[in-house]
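Student: Right, I'll just put the structure down here and ask away after.
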Amino acid sequence: MFLKNAWYVAAWANEITRELQQITVLNEKICVFRMESGEVIALEDACPHRKLPLSKGRIKGDHVECGYHGLTFDCAGQCVWAPGGGRIPSAAKVRPYPVHEKFGLVWIWMGNAALADTDEIFEIEHFDDPAWGINKGAAMDLPCNYLLMTDNLLDPTHVAWVHDGSFAQDATKDTPLRITKTDDGIIVHRWMMDVEPAPFYKKVIGFTGNCDRKQHYEVRYPSHALIRAIFTPAGTGGDDGALHEDTFIMDSYNFMTPVSETTTRYYWFQLRNIRPDDQALSKMMSADVQHAFEEDRAVLTAVQIGLAEKTSPHIDLPIDGGQLRFRRKLEAMIAEETAVDAALM
Ligand SMILES: [Fe+2]
């Protein structure tokens, strides 16, 4: 089950070109391309005549020509030419999807187009801030349900076992978690005071000695996460901490796009408040983060299979409180949306 009235990431902006391409979002096949002006277009990827995907046809200026009988569609999905010389049937159209390019990503609205509001796209603080550096990598394909990844991103504890050698340190095993509900999601967070920095961060922070570390794991409906890491010299952190001029902040953005019930496309990048123009640092951070995300992928791939094939019930622990709240609320949002859609049919 998926929330339809929401923006999802369809692609990195540079993945969409003047070539017709098929993408799949929420089990729907969509033909994406750029108009001559550069504007991104997304159309239902099935000619209404014999359902050949439009992505197997040709782009003609700002029109798409079906590769079977030449039915031609404009960027609003309306058929403007059909063979045979007769009237074009009124059903000769394909569904257009609202799309919007922002933050180097192409966002797509999968529900009622009348509700699509680009102001609701996940806000990325510091995206264009010259004082902040960015590192990113290619989208990853995860062979699991998207909610296993939202679970993972509401779970600061897993780093102790999955990311040993990068994000893990002893305190990540058992420092108590706090859960905050917001209007649009859940935050699971904690401060770990006067601890040695974890290996990945030790390489990048600008101070030595022990730190106060914050893990802020926030997921917003339906499947978008901000993981904020704060490292500040020991004694300057905590909820009321003064922080410090050397405080290191890394905001990790994670956007999960369900492809099907069992596959997910995962888009990610990080923003940091230090050395914005240091390309070598960006490269190292991308490589390390990608390595860590491969560790997540290996675990979640096996968890997907484990849960699907389980022969006894699975259990929940107190550390799962954020995930369970998130899932319960999202389920309610999907049920409400489904009920309203049914009433309007
Ligand atoms: Fe992880």
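In the structure tokens, chains take letters A, B, ... by order of appearance, with residues numbered from 1 within each chain and ligands from 1 in the order shown.
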Throw together the list of residues within 7 Å of ligand 1, counting only C-alpha atoms and all ligand atoms, and drop it here as a ChimeraX atom specification.
Tutor: /A:152,158-159,162-163,292-293,296
Student: Using DSSP on the backbone coordinates, identify all residues within segment 94-330 of chain A classified as helix (DSSP H, G or I); present the result as number ranges by chain.
Tutor: A: 113-115, 118-120, 146-152, 156-162, 171-174, 199-202, 279-308, 318-330
Student: Which segment 98-196 of chain A residues have any atom within 9 Å of an atom of segment 283-286 of chain A, and for each, what is the nearest pair of atoms with distance in Å to one decimal, counting only C-alpha atoms, rows sorted by chain and number, as a tab-separated table?
Tutor:
```
residue	atom	partner	partner_atom	distance
A:Asn135	CA	A:Ser286	CA	5.6
A:Lys136	CA	A:Ser286	CA	5.7
A:Gly137	CA	A:Ser286	CA	6.4
```
Student: I need the chosen residues saved as a short mmCIF file (atom, residue, chain, number, x, y, z; two decimals), in the first residue's frame, with C-alpha atoms.
Tutor:
```cif
data_model
loop_
_atom_site.label_atom_id
_atom_site.label_comp_id
_atom_site.auth_asym_id
_atom_site.auth_seq_id
_atom_site.Cartn_x
_atom_site.Cartn_y
_atom_site.Cartn_z
CA ASN A 135 28.37 15.01 -1.47
CA LYS A 136 26.16 12.63 -3.37
CA GLY A 137 26.03 9.41 -5.33
#
```
Student: So which residues of segment 83-118 of chain A fall under strand (DSSP E) by DSSP, listed as a list in words?
Tutor: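 These are the residues in question: Val99, His100, Glu101, Lys102, Leu105, Val106, Trp107, Ile108 and Trp109 of chain A.
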Student: Applying 9 Å and only C-alpha atoms, which residues near Val80 of chain A remain after dropping the ones on its own chain fewer than 3 positions away? List them as an NGL selection string.
Tutor: :A and (63 or 71-74 or 88 or 92-93)
Student: How would the residues just picked look written out with N, CA, C and O atoms as a PDB file, in the first residue's frame?
Tutor:
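Result file follows (selection29.pdb):
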```
ATOM      1  N   HIS A  63       6.198  16.366 -28.942  1.00  0.00           N
ATOM      2  CA  HIS A  63       5.180  15.313 -29.014  1.00  0.00           C
ATOM      3  C   HIS A  63       5.834  13.940 -28.894  1.00  0.00           C
ATOM      4  O   HIS A  63       7.028  13.783 -29.147  1.00  0.00           O
ATOM      5  N   LEU A  71       0.118   6.924 -33.205  1.00  0.00           N
ATOM      6  CA  LEU A  71      -0.706   7.862 -32.432  1.00  0.00           C
ATOM      7  C   LEU A  71       0.250   8.855 -31.756  1.00  0.00           C
ATOM      8  O   LEU A  71       1.287   8.453 -31.209  1.00  0.00           O
ATOM      9  N   THR A  72      -0.126  10.130 -31.794  1.00  0.00           N
ATOM     10  CA  THR A  72       0.798  11.167 -31.348  1.00  0.00           C
ATOM     11  C   THR A  72       0.168  11.938 -30.195  1.00  0.00           C
ATOM     12  O   THR A  72      -1.005  12.336 -30.280  1.00  0.00           O
ATOM     13  N   PHE A  73       0.936  12.128 -29.127  1.00  0.00           N
ATOM     14  CA  PHE A  73       0.428  12.743 -27.891  1.00  0.00           C
ATOM     15  C   PHE A  73       1.207  14.005 -27.581  1.00  0.00           C
ATOM     16  O   PHE A  73       2.435  14.058 -27.755  1.00  0.00           O
ATOM     17  N   ASP A  74       0.477  15.006 -27.089  1.00  0.00           N
ATOM     18  CA  ASP A  74       1.165  16.215 -26.642  1.00  0.00           C
ATOM     19  C   ASP A  74       1.605  16.047 -25.183  1.00  0.00           C
ATOM     20  O   ASP A  74       1.350  15.001 -24.560  1.00  0.00           O
ATOM     21  N   ILE A  88     -10.520  11.548 -33.911  1.00  0.00           N
ATOM     22  CA  ILE A  88      -9.711  10.968 -32.826  1.00  0.00           C
ATOM     23  C   ILE A  88     -10.656  10.644 -31.669  1.00  0.00           C
ATOM     24  O   ILE A  88     -11.388  11.522 -31.197  1.00  0.00           O
ATOM     25  N   ALA A  92      -8.704   8.813 -26.431  1.00  0.00           N
ATOM     26  CA  ALA A  92      -7.310   8.734 -26.897  1.00  0.00           C
ATOM     27  C   ALA A  92      -6.463   9.739 -26.130  1.00  0.00           C
ATOM     28  O   ALA A  92      -6.117  10.825 -26.614  1.00  0.00           O
ATOM     29  N   LYS A  93      -6.156   9.391 -24.890  1.00  0.00           N
ATOM     30  CA  LYS A  93      -5.290  10.249 -24.078  1.00  0.00           C
ATOM     31  C   LYS A  93      -4.593   9.388 -23.029  1.00  0.00           C
ATOM     32  O   LYS A  93      -5.048   8.271 -22.723  1.00  0.00           O
TER      33      LYS A  93
END
```
Student: Just want the 9 Å neighbourhood of segment 37-41 of chain A, counted on only C-alpha atoms, with same-chain residues fewer than 2 positions away dropped. Output as a list in words.
Tutor: Ala13, Ile16, Thr17, Arg18, Cys31, Val32, Phe33, Arg34, Met35, Leu43, Asp62, Cys75, Ala76, Pro96, Tyr97, Pro98, Val99, His100, Glu101 and Val106 of chain A
Student: Please, could you write that set of residues out with C-alpha atoms as an mmCIF file, in the first residue's frame?
Tutor:
```
data_model
loop_
_atom_site.group_PDB
_atom_site.id
_atom_site.type_symbol
_atom_site.label_atom_id
_atom_site.label_comp_id
_atom_site.auth_asym_id
_atom_site.auth_seq_id
_atom_site.Cartn_x
_atom_site.Cartn_y
_atom_site.Cartn_z
ATOM 1 C CA ALA A 13 17.550 15.609 -12.725
ATOM 2 C CA ILE A 16 16.049 12.659 -17.551
ATOM 3 C CA THR A 17 16.977 13.713 -21.073
ATOM 4 C CA ARG A 18 15.483 14.121 -24.551
ATOM 5 C CA CYS A 31 7.288 7.675 -19.605
ATOM 6 C CA VAL A 32 9.610 10.576 -18.759
ATOM 7 C CA PHE A 33 11.482 12.982 -21.025
ATOM 8 C CA ARG A 34 12.336 16.654 -21.441
ATOM 9 C CA MET A 35 10.544 19.079 -23.741
ATOM 10 C CA LEU A 43 3.043 10.546 -18.983
ATOM 11 C CA ASP A 62 7.357 18.242 -27.933
ATOM 12 C CA CYS A 75 2.808 16.946 -23.291
ATOM 13 C CA ALA A 76 -0.572 17.104 -21.571
ATOM 14 C CA PRO A 96 -0.094 13.273 -17.256
ATOM 15 C CA TYR A 97 1.647 13.367 -13.853
ATOM 16 C CA PRO A 98 2.592 16.648 -12.134
ATOM 17 C CA VAL A 99 6.383 16.926 -11.925
ATOM 18 C CA HIS A 100 8.690 19.548 -10.448
ATOM 19 C CA GLU A 101 12.454 19.916 -10.560
ATOM 20 C CA VAL A 106 12.757 15.502 -10.256
#
```
Student: Can you list every residue of segment 97-181 of chain A that has an atom at most 9 Å from segment 208-219 of chain A, with its nearest atom pair and the distance in Å to one decimal, using only C-alpha atoms, ordered by chain then number, as a tab-separated table?
Tutor:
```
residue	atom	partner	partner_atom	distance
A:Thr150	CA	A:Val219	CA	6.7
A:Asp151	CA	A:Val219	CA	8.9
A:Leu153	CA	A:Tyr217	CA	6.1
A:Leu154	CA	A:Tyr217	CA	5.4
A:Asp155	CA	A:Tyr217	CA	7.2
A:Pro156	CA	A:Gln215	CA	6.7
```
Student: For Ala171 of chain A, list every protein, DNA or RNA residue within 9 Å, evaluated using only C-alpha atoms, and leave out those in the same chain fewer than 2 positions away; present the list as an NGL selection string.
Tutor: :A and (160 or 168-169 or 173-175 or 192-193 or 195)
Student: Which residues are close to Gln22 of chain A, i.e. within 12 Å by only C-alpha atoms, leaving aside same-chain residues fewer than 3 positions away? Reply as an mmCIF file with C-alpha atoms, in the first residue's frame.
Tutor:
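So the final result, stored in selection.cif, reads:
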```cif
data_model
loop_
_atom_site.group_PDB
_atom_site.id
_atom_site.type_symbol
_atom_site.label_atom_id
_atom_site.label_comp_id
_atom_site.auth_asym_id
_atom_site.auth_seq_id
_atom_site.Cartn_x
_atom_site.Cartn_y
_atom_site.Cartn_z
ATOM 1 C CA ALA A 10 11.233 10.242 -9.821
ATOM 2 C CA ALA A 11 14.893 10.598 -10.759
ATOM 3 C CA GLU A 15 18.891 11.122 -15.515
ATOM 4 C CA ILE A 16 16.049 12.659 -17.551
ATOM 5 C CA THR A 17 16.977 13.713 -21.073
ATOM 6 C CA GLU A 19 15.347 10.303 -24.790
ATOM 7 C CA VAL A 25 6.811 4.524 -9.278
ATOM 8 C CA ASN A 27 3.858 0.092 -9.502
ATOM 9 C CA GLU A 28 2.871 2.594 -12.208
ATOM 10 C CA LYS A 29 4.881 2.690 -15.436
ATOM 11 C CA ILE A 30 5.628 6.235 -16.487
ATOM 12 C CA CYS A 31 7.288 7.675 -19.605
ATOM 13 C CA VAL A 32 9.610 10.576 -18.759
ATOM 14 C CA PHE A 33 11.482 12.982 -21.025
ATOM 15 C CA ILE A 41 7.233 15.682 -18.686
ATOM 16 C CA ALA A 42 5.794 12.483 -17.205
ATOM 17 C CA LEU A 43 3.043 10.546 -18.983
ATOM 18 C CA GLU A 44 1.337 7.226 -18.369
ATOM 19 C CA ASP A 45 3.513 4.812 -20.325
ATOM 20 C CA ALA A 46 0.862 2.997 -22.372
ATOM 21 C CA LEU A 52 2.527 -0.353 -26.272
ATOM 22 C CA PRO A 53 4.617 1.734 -23.857
ATOM 23 C CA LEU A 54 5.065 5.225 -25.271
ATOM 24 C CA SER A 55 8.684 4.975 -24.127
ATOM 25 C CA LYS A 56 9.173 2.478 -26.974
ATOM 26 C CA GLY A 57 8.099 5.141 -29.483
ATOM 27 C CA VAL A 259 8.905 0.914 -7.224
#
```
Student: Near Gly322 of chain A, within 8 Å and counting only C-alpha atoms, which residues show up once chain neighbours fewer than 4 positions away are dropped, as a ChimeraX atom specification?
Tutor: /A:154-155,179,186-188,326
Student: What would the file look like if the residues just selected were written as a short mmCIF file (atom, residue, chain, number, x, y, z; two decimals), in the first residue's frame with all heavy atoms?
Tutor:
```cif
data_model
loop_
_atom_site.label_atom_id
_atom_site.label_comp_id
_atom_site.auth_asym_id
_atom_site.auth_seq_id
_atom_site.Cartn_x
_atom_site.Cartn_y
_atom_site.Cartn_z
N LEU A 154 14.60 5.27 11.18
CA LEU A 154 14.07 5.68 12.49
C LEU A 154 14.75 4.85 13.59
O LEU A 154 14.22 4.72 14.69
CB LEU A 154 12.55 5.49 12.52
CG LEU A 154 11.75 6.52 11.72
CD1 LEU A 154 10.30 6.09 11.55
CD2 LEU A 154 11.82 7.90 12.39
N ASP A 155 15.90 4.33 13.28
CA ASP A 155 16.55 3.33 14.12
C ASP A 155 18.03 3.66 14.33
O ASP A 155 18.90 3.06 13.71
CB ASP A 155 16.37 1.97 13.42
CG ASP A 155 17.07 0.84 14.14
OD1 ASP A 155 17.49 1.03 15.30
OD2 ASP A 155 17.20 -0.23 13.53
N ILE A 179 11.57 9.91 21.42
CA ILE A 179 10.72 9.96 20.22
C ILE A 179 9.89 11.23 20.26
O ILE A 179 9.27 11.55 21.28
CB ILE A 179 9.76 8.74 20.19
CG1 ILE A 179 10.57 7.44 20.12
CG2 ILE A 179 8.81 8.83 18.99
CD1 ILE A 179 9.73 6.20 20.26
N ILE A 186 8.02 11.54 12.25
CA ILE A 186 8.52 11.09 13.56
C ILE A 186 10.01 11.38 13.62
O ILE A 186 10.73 11.22 12.63
CB ILE A 186 8.32 9.55 13.70
CG1 ILE A 186 6.83 9.18 13.69
CG2 ILE A 186 9.02 9.02 14.94
CD1 ILE A 186 6.09 9.44 14.97
N ILE A 187 10.46 11.80 14.80
CA ILE A 187 11.90 11.97 15.03
C ILE A 187 12.31 11.07 16.19
O ILE A 187 11.69 11.09 17.25
CB ILE A 187 12.24 13.44 15.40
CG1 ILE A 187 11.72 14.41 14.33
CG2 ILE A 187 13.76 13.59 15.57
CD1 ILE A 187 11.78 15.87 14.76
N VAL A 188 13.32 10.25 15.96
CA VAL A 188 13.93 9.47 17.03
C VAL A 188 15.32 10.06 17.24
O VAL A 188 16.08 10.24 16.28
CB VAL A 188 14.03 7.97 16.66
CG1 VAL A 188 14.64 7.18 17.81
CG2 VAL A 188 12.64 7.43 16.30
N PHE A 326 5.30 5.54 13.23
CA PHE A 326 5.34 6.02 11.84
C PHE A 326 4.46 5.15 10.95
O PHE A 326 3.63 5.63 10.18
CB PHE A 326 6.79 6.01 11.32
CG PHE A 326 6.91 6.53 9.92
CD1 PHE A 326 7.04 7.89 9.68
CD2 PHE A 326 6.87 5.66 8.83
CE1 PHE A 326 7.12 8.38 8.38
CE2 PHE A 326 6.96 6.15 7.53
CZ PHE A 326 7.09 7.50 7.31
#
```
Student: Looking at A:His189, A:Pro199, A:His126, A:Gly321, which one is nearest to Met250 of chain A, with distances taken over only C-alpha atoms?
Tutor: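 Result for the nearest residue to Met250 of chain A: A:His126.
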Student: Find the nearest atom pair between each residue of segment 60-148 of chain A and segment 307-316 of chain A for residues within 12 Å, count only C-alpha atoms, give distances in Å to one decimal, sort rows by chain and ascending number, and present the table as a Markdown table.
Tutor:
```
| residue | atom | partner | partner_atom | distance |
| --- | --- | --- | --- | --- |
| A:Cys144 | CA | A:Ala308 | CA | 10.3 |
| A:Asn145 | CA | A:Ala308 | CA | 10.6 |
| A:Leu148 | CA | A:Leu307 | CA | 10.3 |
```
Student: Which value, in Å to one decimal, gives the distance between atom CA of Gln21 of chain A and atom CA of Leu147 of chain A?
Tutor: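 So the answer is 26.5 Å.
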Student: Nearest residue to Thr338 of chain A out of A:Thr264, A:Asn112, A:Thr247, A:Thr118, using only C-alpha atoms?
Tutor: A:Asn112
Student: Could you check the closest approach to Phe127 of chain A for each of A:Gln270, A:Thr232, A:Gln78, A:Gln304 and tell me which residue wins, using only C-alpha atoms?
Tutor: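 Once distances to Phe127 of chain A are computed over only C-alpha atoms, the minimum belongs to A:Gln270.
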Student: Rank A:Asn14, A:Ala229, A:Ala138, A:Leu20 by their smallest atom-to-atom distance to Arg190 of chain A, using only C-alpha atoms, and report the top residue only.
Tutor: A:Ala229
Student: Would you please work out which residue, of A:Ser166, A:Gln279, A:Thr157, A:Thr24, is nearest to Glu295 of chain A when using only C-alpha atoms?
Tutor: A:Ser166
Student: Check the smallest atom-to-atom distance from each of A:Ala113, A:Ala198, A:Leu300, A:Ile249 to Tyr146 of chain A using only C-alpha atoms, then report the winner.
Tutor: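 Smallest distance to Tyr146 of chain A is found for A:Leu300.
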